[in-house]
Amino acid sequence: MTVAVLALQGAFSEHEQALKKLDVDCFEIRQNSDLNRNFDGLILPGGESTVMGKLLHELALYEPLKQKIQEGLPVFGTCAGLILLAKEVDSGLPHFATMNISVRRNAYGRQLGSFYTEADFKGLGQIPMTFIRAPYILNVSGNTEVLATVNEHIIAAKENSQLVTAFHPELSADLRIHEYFLNMIKGR
Ligand code: GLN
């Protein structure tokens, strides 16, 4: 199994380290020619969704990646990656717009936006969760399944082969969320 990590900006290397700990091959997508390689899943890291959205277009990555996601390529978006997948974004235009979620960016405020907690994740139990200027999901529709909530806000969800978390599992030593995504790939 090979997982590609979008490496334009943000916290991509931490995802690569998590995958390496799980003995999964991974490589970085930085330019259009990287798409010639075969991969079974894609991670969209945290960072700044507006910057990543702009770079995706400039580097001619937007259309081919959107098509792969629409065709069912398993994708895992964390934080800004969640925003990239959302069909509706409270501020600014949506990006890939492949997932039936509407999100509020910087939902916890810019100053108080970073915090750590532990909360229940469906099927996994208590999971450590680090939030950094995070969004949360205002609502889900279609067959999107809510996987976790914190303070009554939805912060993790799944729709078919798309998984999103508002927190950063790659910043914790707990690998269960990455394993969850790898199981989604295996289950295809
Ligand atoms: N605030 C960022 C955005 O709106 C997301 C923050 C993050 O990915 N840690 O894109």
# chains A, B, ... in the order shown; residues from 1 in each chain; ligands from 1
>>> closest_atom_pairs(of="range 130-175 of chain A", to="range 89-108 of chain A", cutoff="6 Å", atoms="only C-alpha atoms", output="CSV")
residue,atom,partner,partner_atom,distance
A:Arg133,CA,A:Asn106,CA,5.1
A:Ala134,CA,A:Asn106,CA,5.3
A:Pro135,CA,A:Arg105,CA,4.3
A:Tyr136,CA,A:Arg104,CA,5.6
A:Ile137,CA,A:Val103,CA,4.4
A:Leu138,CA,A:Val103,CA,5.3
A:Asn139,CA,A:Ser102,CA,5.6
A:Val140,CA,A:Ile101,CA,4.5
A:Ser141,CA,A:Asn100,CA,5.4
>>> write_last_selection(atoms="all heavy atoms", output="PDB file, in the first residue's frame")
ATOM      1  N   ARG A 133      -5.907  26.554  15.539  1.00  0.00           N
ATOM      2  CA  ARG A 133      -6.741  27.455  14.720  1.00  0.00           C
ATOM      3  C   ARG A 133      -7.697  26.631  13.848  1.00  0.00           C
ATOM      4  O   ARG A 133      -7.808  26.794  12.637  1.00  0.00           O
ATOM      5  CB  ARG A 133      -5.874  28.388  13.878  1.00  0.00           C
ATOM      6  CG  ARG A 133      -5.018  29.304  14.757  1.00  0.00           C
ATOM      7  CD  ARG A 133      -4.647  30.621  14.097  1.00  0.00           C
ATOM      8  NE  ARG A 133      -4.027  30.468  12.807  1.00  0.00           N
ATOM      9  CZ  ARG A 133      -4.575  30.813  11.650  1.00  0.00           C
ATOM     10  NH1 ARG A 133      -5.777  31.359  11.627  1.00  0.00           N
ATOM     11  NH2 ARG A 133      -3.945  30.646  10.532  1.00  0.00           N
ATOM     12  N   ALA A 134      -8.377  25.755  14.519  1.00  0.00           N
ATOM     13  CA  ALA A 134      -9.110  24.693  13.831  1.00  0.00           C
ATOM     14  C   ALA A 134     -10.496  25.143  13.381  1.00  0.00           C
ATOM     15  O   ALA A 134     -11.093  26.039  13.964  1.00  0.00           O
ATOM     16  CB  ALA A 134      -9.253  23.502  14.765  1.00  0.00           C
ATOM     17  N   PRO A 135     -10.985  24.463  12.351  1.00  0.00           N
ATOM     18  CA  PRO A 135     -12.383  24.622  11.982  1.00  0.00           C
ATOM     19  C   PRO A 135     -13.229  23.648  12.798  1.00  0.00           C
ATOM     20  O   PRO A 135     -12.681  22.770  13.477  1.00  0.00           O
ATOM     21  CB  PRO A 135     -12.386  24.190  10.516  1.00  0.00           C
ATOM     22  CG  PRO A 135     -11.325  23.124  10.472  1.00  0.00           C
ATOM     23  CD  PRO A 135     -10.284  23.511  11.490  1.00  0.00           C
ATOM     24  N   TYR A 136     -14.530  23.806  12.787  1.00  0.00           N
ATOM     25  CA  TYR A 136     -15.389  22.673  13.115  1.00  0.00           C
ATOM     26  C   TYR A 136     -16.473  22.561  12.077  1.00  0.00           C
ATOM     27  O   TYR A 136     -16.629  23.444  11.221  1.00  0.00           O
ATOM     28  CB  TYR A 136     -15.915  22.700  14.555  1.00  0.00           C
ATOM     29  CG  TYR A 136     -16.746  23.872  15.018  1.00  0.00           C
ATOM     30  CD1 TYR A 136     -17.975  24.151  14.461  1.00  0.00           C
ATOM     31  CD2 TYR A 136     -16.294  24.666  16.077  1.00  0.00           C
ATOM     32  CE1 TYR A 136     -18.738  25.217  14.923  1.00  0.00           C
ATOM     33  CE2 TYR A 136     -17.046  25.735  16.542  1.00  0.00           C
ATOM     34  CZ  TYR A 136     -18.269  26.008  15.959  1.00  0.00           C
ATOM     35  OH  TYR A 136     -19.007  27.058  16.417  1.00  0.00           O
ATOM     36  N   ILE A 137     -17.181  21.433  12.124  1.00  0.00           N
ATOM     37  CA  ILE A 137     -18.192  21.150  11.108  1.00  0.00           C
ATOM     38  C   ILE A 137     -19.531  21.633  11.636  1.00  0.00           C
ATOM     39  O   ILE A 137     -19.966  21.238  12.721  1.00  0.00           O
ATOM     40  CB  ILE A 137     -18.201  19.641  10.796  1.00  0.00           C
ATOM     41  CG1 ILE A 137     -16.837  19.217  10.218  1.00  0.00           C
ATOM     42  CG2 ILE A 137     -19.329  19.307   9.820  1.00  0.00           C
ATOM     43  CD1 ILE A 137     -16.663  17.712  10.050  1.00  0.00           C
ATOM     44  N   LEU A 138     -20.164  22.517  10.878  1.00  0.00           N
ATOM     45  CA  LEU A 138     -21.458  23.076  11.308  1.00  0.00           C
ATOM     46  C   LEU A 138     -22.575  22.068  11.092  1.00  0.00           C
ATOM     47  O   LEU A 138     -23.453  21.927  11.930  1.00  0.00           O
ATOM     48  CB  LEU A 138     -21.760  24.352  10.515  1.00  0.00           C
ATOM     49  CG  LEU A 138     -20.849  25.539  10.836  1.00  0.00           C
ATOM     50  CD1 LEU A 138     -20.921  26.590   9.730  1.00  0.00           C
ATOM     51  CD2 LEU A 138     -21.248  26.142  12.178  1.00  0.00           C
ATOM     52  N   ASN A 139     -22.554  21.389   9.971  1.00  0.00           N
ATOM     53  CA  ASN A 139     -23.502  20.296   9.766  1.00  0.00           C
ATOM     54  C   ASN A 139     -23.044  19.366   8.660  1.00  0.00           C
ATOM     55  O   ASN A 139     -22.182  19.721   7.856  1.00  0.00           O
ATOM     56  CB  ASN A 139     -24.936  20.812   9.535  1.00  0.00           C
ATOM     57  CG  ASN A 139     -25.008  21.736   8.354  1.00  0.00           C
ATOM     58  OD1 ASN A 139     -24.735  21.316   7.237  1.00  0.00           O
ATOM     59  ND2 ASN A 139     -25.353  22.997   8.602  1.00  0.00           N
ATOM     60  N   VAL A 140     -23.596  18.169   8.694  1.00  0.00           N
ATOM     61  CA  VAL A 140     -23.277  17.164   7.682  1.00  0.00           C
ATOM     62  C   VAL A 140     -24.578  16.792   6.980  1.00  0.00           C
ATOM     63  O   VAL A 140     -25.655  16.934   7.541  1.00  0.00           O
ATOM     64  CB  VAL A 140     -22.643  15.896   8.303  1.00  0.00           C
ATOM     65  CG1 VAL A 140     -21.427  16.244   9.145  1.00  0.00           C
ATOM     66  CG2 VAL A 140     -23.637  15.109   9.133  1.00  0.00           C
ATOM     67  N   SER A 141     -24.469  16.336   5.734  1.00  0.00           N
ATOM     68  CA  SER A 141     -25.669  15.873   5.035  1.00  0.00           C
ATOM     69  C   SER A 141     -25.299  14.654   4.196  1.00  0.00           C
ATOM     70  O   SER A 141     -24.158  14.185   4.239  1.00  0.00           O
ATOM     71  CB  SER A 141     -26.245  16.997   4.174  1.00  0.00           C
ATOM     72  OG  SER A 141     -25.282  17.449   3.262  1.00  0.00           O
TER      73      SER A 141
END
>>> residues_around(residues="Ala148 in chain A", least_positions_apart="4", cutoff="8 Å", atoms="only C-alpha atoms", output="list in words")
Ala119, Asp120, Phe121, Lys122, Ile154, Ile155, Ala156 and Ala157 of chain A
>>> closest_atom_pairs(of="chain A", to="ligand 1", cutoff="9 Å", atoms="only C-alpha atoms and all ligand atoms", output="Markdown table")
| residue | atom | partner | partner_atom_place_in_ligand_line | distance |
| --- | --- | --- | --- | --- |
| A:Gly10 | CA | ligand 1 | 8 (O) | 7.3 |
| A:Ala11 | CA | ligand 1 | 8 (O) | 7.9 |
| A:Pro45 | CA | ligand 1 | 8 (O) | 7.0 |
| A:Gly46 | CA | ligand 1 | 8 (O) | 3.4 |
| A:Gly47 | CA | ligand 1 | 8 (O) | 3.9 |
| A:Glu48 | CA | ligand 1 | 10 (O) | 3.7 |
| A:Ser49 | CA | ligand 1 | 10 (O) | 3.6 |
| A:Thr50 | CA | ligand 1 | 10 (O) | 6.0 |
| A:Val51 | CA | ligand 1 | 10 (O) | 7.9 |
| A:Met52 | CA | ligand 1 | 10 (O) | 8.3 |
| A:Thr78 | CA | ligand 1 | 8 (O) | 6.8 |
| A:Cys79 | CA | ligand 1 | 8 (O) | 4.1 |
| A:Ala80 | CA | ligand 1 | 8 (O) | 3.8 |
| A:Gly81 | CA | ligand 1 | 8 (O) | 6.8 |
| A:Leu82 | CA | ligand 1 | 8 (O) | 8.3 |
| A:Ile83 | CA | ligand 1 | 10 (O) | 6.6 |
| A:Leu84 | CA | ligand 1 | 10 (O) | 8.2 |
| A:Ser91 | CA | ligand 1 | 4 (O) | 8.9 |
| A:Arg104 | CA | ligand 1 | 4 (O) | 8.6 |
| A:Arg105 | CA | ligand 1 | 4 (O) | 5.0 |
| A:Asn106 | CA | ligand 1 | 1 (N) | 5.0 |
| A:Ala107 | CA | ligand 1 | 1 (N) | 8.4 |
| A:Arg110 | CA | ligand 1 | 1 (N) | 8.2 |
| A:Gly113 | CA | ligand 1 | 1 (N) | 8.7 |
| A:Ser114 | CA | ligand 1 | 9 (N) | 8.7 |
| A:Phe131 | CA | ligand 1 | 9 (N) | 7.0 |
| A:Ile132 | CA | ligand 1 | 9 (N) | 4.5 |
| A:Arg133 | CA | ligand 1 | 1 (N) | 4.7 |
| A:Ala134 | CA | ligand 1 | 6 (C) | 5.0 |
| A:Pro135 | CA | ligand 1 | 5 (C) | 6.5 |
| A:Ala166 | CA | ligand 1 | 8 (O) | 7.9 |
| A:Phe167 | CA | ligand 1 | 9 (N) | 7.7 |
| A:His168 | CA | ligand 1 | 9 (N) | 7.5 |
>>> closest_residue(among="A:Ala60, A:Ala4, A:Ala18, A:Asp174", to="Gln31 in chain A", atoms="only C-alpha atoms")
A:Ala60
>>> closest_residue(among="A:Gly142, A:Ile177, A:Asn36, A:Asn160", to="Pro64 in chain A", atoms="only C-alpha atoms")
A:Asn36
>>> select_by_dssp(residues="chain A", states="strand (DSSP E or B)", output="PyMOL selection string")
chain A and resi 2-6+25-29+41-44+75-78+86-89+99-104+115-121+125-131+136-140+145-150+153-159+162-165
>>> closest_residue(among="A:Thr149, A:Ile127, A:Leu55, A:Leu42", to="Leu163 in chain A", atoms="only C-alpha atoms")
A:Leu42
>>> atom_distance(atom1="CA of Lys68 in chain A", atom2="CA of Leu124 in chain A")
28.1 Å
>>> residues_around(residues="Glu118 in chain A", least_positions_apart="2", cutoff="7 Å", atoms="only C-alpha atoms", output="compact mmCIF listing (two decimals) with N, CA, C and O atoms, in the first residue's frame")
# COMPACT_ATOMS: atom_id res chain seq x y z
N GLN A 126 -11.21 6.83 23.58
CA GLN A 126 -10.65 8.17 23.83
C GLN A 126 -9.41 8.41 22.97
O GLN A 126 -8.49 7.59 22.95
N ILE A 127 -9.40 9.54 22.31
CA ILE A 127 -8.29 9.87 21.39
C ILE A 127 -7.73 11.23 21.79
O ILE A 127 -8.49 12.17 22.05
N PRO A 128 -6.38 11.38 21.82
CA PRO A 128 -5.80 12.70 22.07
C PRO A 128 -6.03 13.61 20.86
O PRO A 128 -5.88 13.16 19.72
N MET A 129 -6.42 14.84 21.12
CA MET A 129 -6.77 15.75 20.01
C MET A 129 -6.14 17.12 20.21
O MET A 129 -6.42 17.80 21.19
>>> atom_distance(atom1="CA of Gln162 in chain A", atom2="CA of Val3 in chain A")
14.0 Å
>>> closest_residue(among="A:Phe12, A:Val150, A:Glu145, A:Pro74", to="Phe115 in chain A", atoms="only C-alpha atoms")
A:Val150
>>> decode(residues="range 27-57 of chain A", atoms="N, CA, C and O atoms", output="mmCIF file, in the first residue's frame")
data_model
loop_
_atom_site.group_PDB
_atom_site.id
_atom_site.type_symbol
_atom_site.label_atom_id
_atom_site.label_comp_id
_atom_site.auth_asym_id
_atom_site.auth_seq_id
_atom_site.Cartn_x
_atom_site.Cartn_y
_atom_site.Cartn_z
ATOM 1 N N PHE A 27 4.821 8.939 -0.305
ATOM 2 C CA PHE A 27 5.620 9.896 -1.059
ATOM 3 C C PHE A 27 4.867 11.217 -1.091
ATOM 4 O O PHE A 27 3.675 11.274 -0.758
ATOM 5 N N GLU A 28 5.570 12.268 -1.484
ATOM 6 C CA GLU A 28 4.988 13.606 -1.454
ATOM 7 C C GLU A 28 4.472 14.012 -2.828
ATOM 8 O O GLU A 28 5.136 13.778 -3.841
ATOM 9 N N ILE A 29 3.324 14.644 -2.829
ATOM 10 C CA ILE A 29 2.834 15.264 -4.064
ATOM 11 C C ILE A 29 3.163 16.746 -3.992
ATOM 12 O O ILE A 29 2.657 17.465 -3.125
ATOM 13 N N ARG A 30 4.051 17.172 -4.877
ATOM 14 C CA ARG A 30 4.469 18.573 -4.936
ATOM 15 C C ARG A 30 4.185 19.197 -6.288
ATOM 16 O O ARG A 30 4.129 20.401 -6.429
ATOM 17 N N GLN A 31 4.106 18.370 -7.301
ATOM 18 C CA GLN A 31 3.862 18.876 -8.657
ATOM 19 C C GLN A 31 3.076 17.851 -9.455
ATOM 20 O O GLN A 31 2.947 16.699 -9.044
ATOM 21 N N ASN A 32 2.590 18.290 -10.606
ATOM 22 C CA ASN A 32 1.697 17.467 -11.413
ATOM 23 C C ASN A 32 2.327 16.114 -11.770
ATOM 24 O O ASN A 32 1.644 15.084 -11.758
ATOM 25 N N SER A 33 3.631 16.091 -12.059
ATOM 26 C CA SER A 33 4.263 14.831 -12.481
ATOM 27 C C SER A 33 4.269 13.785 -11.356
ATOM 28 O O SER A 33 4.373 12.583 -11.620
ATOM 29 N N ASP A 34 4.138 14.219 -10.113
ATOM 30 C CA ASP A 34 4.068 13.255 -9.005
ATOM 31 C C ASP A 34 2.819 12.377 -9.119
ATOM 32 O O ASP A 34 2.765 11.301 -8.525
ATOM 33 N N LEU A 35 1.842 12.851 -9.855
ATOM 34 C CA LEU A 35 0.592 12.088 -9.988
ATOM 35 C C LEU A 35 0.752 10.886 -10.907
ATOM 36 O O LEU A 35 -0.154 10.069 -11.015
ATOM 37 N N ASN A 36 1.917 10.790 -11.583
ATOM 38 C CA ASN A 36 2.143 9.618 -12.430
ATOM 39 C C ASN A 36 2.385 8.365 -11.606
ATOM 40 O O ASN A 36 2.289 7.252 -12.112
ATOM 41 N N ARG A 37 2.732 8.553 -10.337
ATOM 42 C CA ARG A 37 2.962 7.383 -9.476
ATOM 43 C C ARG A 37 1.641 6.793 -9.016
ATOM 44 O O ARG A 37 0.623 7.486 -8.982
ATOM 45 N N ASN A 38 1.666 5.535 -8.677
ATOM 46 C CA ASN A 38 0.450 4.890 -8.170
ATOM 47 C C ASN A 38 0.326 5.115 -6.678
ATOM 48 O O ASN A 38 1.314 5.014 -5.957
ATOM 49 N N PHE A 39 -0.877 5.417 -6.222
ATOM 50 C CA PHE A 39 -1.098 5.503 -4.785
ATOM 51 C C PHE A 39 -2.514 5.079 -4.457
ATOM 52 O O PHE A 39 -3.425 5.192 -5.268
ATOM 53 N N ASP A 40 -2.654 4.556 -3.244
ATOM 54 C CA ASP A 40 -3.927 3.955 -2.822
ATOM 55 C C ASP A 40 -4.740 4.868 -1.932
ATOM 56 O O ASP A 40 -5.903 4.595 -1.646
ATOM 57 N N GLY A 41 -4.100 5.933 -1.434
ATOM 58 C CA GLY A 41 -4.792 6.869 -0.554
ATOM 59 C C GLY A 41 -4.050 8.189 -0.574
ATOM 60 O O GLY A 41 -2.897 8.263 -1.017
ATOM 61 N N LEU A 42 -4.723 9.229 -0.101
ATOM 62 C CA LEU A 42 -4.150 10.583 -0.146
ATOM 63 C C LEU A 42 -4.411 11.264 1.191
ATOM 64 O O LEU A 42 -5.521 11.195 1.724
ATOM 65 N N ILE A 43 -3.380 11.947 1.717
ATOM 66 C CA ILE A 43 -3.565 12.752 2.929
ATOM 67 C C ILE A 43 -3.427 14.224 2.574
ATOM 68 O O ILE A 43 -2.475 14.638 1.894
ATOM 69 N N LEU A 44 -4.412 15.006 3.005
ATOM 70 C CA LEU A 44 -4.371 16.473 2.858
ATOM 71 C C LEU A 44 -4.083 17.028 4.247
ATOM 72 O O LEU A 44 -4.919 16.926 5.142
ATOM 73 N N PRO A 45 -2.907 17.604 4.468
ATOM 74 C CA PRO A 45 -2.498 17.977 5.827
ATOM 75 C C PRO A 45 -3.121 19.288 6.306
ATOM 76 O O PRO A 45 -3.811 19.982 5.552
ATOM 77 N N GLY A 46 -2.802 19.624 7.547
ATOM 78 C CA GLY A 46 -3.166 20.930 8.071
ATOM 79 C C GLY A 46 -2.200 21.978 7.551
ATOM 80 O O GLY A 46 -1.131 21.660 7.034
ATOM 81 N N GLY A 47 -2.593 23.213 7.684
ATOM 82 C CA GLY A 47 -1.798 24.328 7.180
ATOM 83 C C GLY A 47 -2.725 25.500 6.979
ATOM 84 O O GLY A 47 -3.531 25.798 7.856
ATOM 85 N N GLU A 48 -2.671 26.092 5.824
ATOM 86 C CA GLU A 48 -3.561 27.221 5.526
ATOM 87 C C GLU A 48 -4.325 26.878 4.257
ATOM 88 O O GLU A 48 -3.747 26.795 3.175
ATOM 89 N N SER A 49 -5.637 26.665 4.409
ATOM 90 C CA SER A 49 -6.414 26.155 3.277
ATOM 91 C C SER A 49 -6.425 27.121 2.092
ATOM 92 O O SER A 49 -6.428 26.681 0.937
ATOM 93 N N THR A 50 -6.416 28.431 2.362
ATOM 94 C CA THR A 50 -6.450 29.388 1.241
ATOM 95 C C THR A 50 -5.156 29.285 0.424
ATOM 96 O O THR A 50 -5.192 29.323 -0.810
ATOM 97 N N VAL A 51 -4.030 29.134 1.122
ATOM 98 C CA VAL A 51 -2.734 29.025 0.425
ATOM 99 C C VAL A 51 -2.686 27.713 -0.365
ATOM 100 O O VAL A 51 -2.315 27.684 -1.541
ATOM 101 N N MET A 52 -3.105 26.626 0.286
ATOM 102 C CA MET A 52 -3.075 25.334 -0.415
ATOM 103 C C MET A 52 -4.009 25.341 -1.615
ATOM 104 O O MET A 52 -3.674 24.807 -2.676
ATOM 105 N N GLY A 53 -5.181 25.961 -1.454
ATOM 106 C CA GLY A 53 -6.141 26.022 -2.560
ATOM 107 C C GLY A 53 -5.533 26.752 -3.759
ATOM 108 O O GLY A 53 -5.651 26.298 -4.901
ATOM 109 N N LYS A 54 -4.854 27.852 -3.483
ATOM 110 C CA LYS A 54 -4.237 28.647 -4.549
ATOM 111 C C LYS A 54 -3.127 27.835 -5.238
ATOM 112 O O LYS A 54 -3.050 27.772 -6.467
ATOM 113 N N LEU A 55 -2.287 27.188 -4.430
ATOM 114 C CA LEU A 55 -1.177 26.412 -4.995
ATOM 115 C C LEU A 55 -1.685 25.221 -5.805
ATOM 116 O O LEU A 55 -1.099 24.867 -6.830
ATOM 117 N N LEU A 56 -2.773 24.606 -5.354
ATOM 118 C CA LEU A 56 -3.322 23.464 -6.105
ATOM 119 C C LEU A 56 -3.648 23.868 -7.535
ATOM 120 O O LEU A 56 -3.381 23.120 -8.484
ATOM 121 N N HIS A 57 -4.218 25.069 -7.685
ATOM 122 C CA HIS A 57 -4.545 25.550 -9.035
ATOM 123 C C HIS A 57 -3.280 25.908 -9.801
ATOM 124 O O HIS A 57 -3.105 25.511 -10.950
#
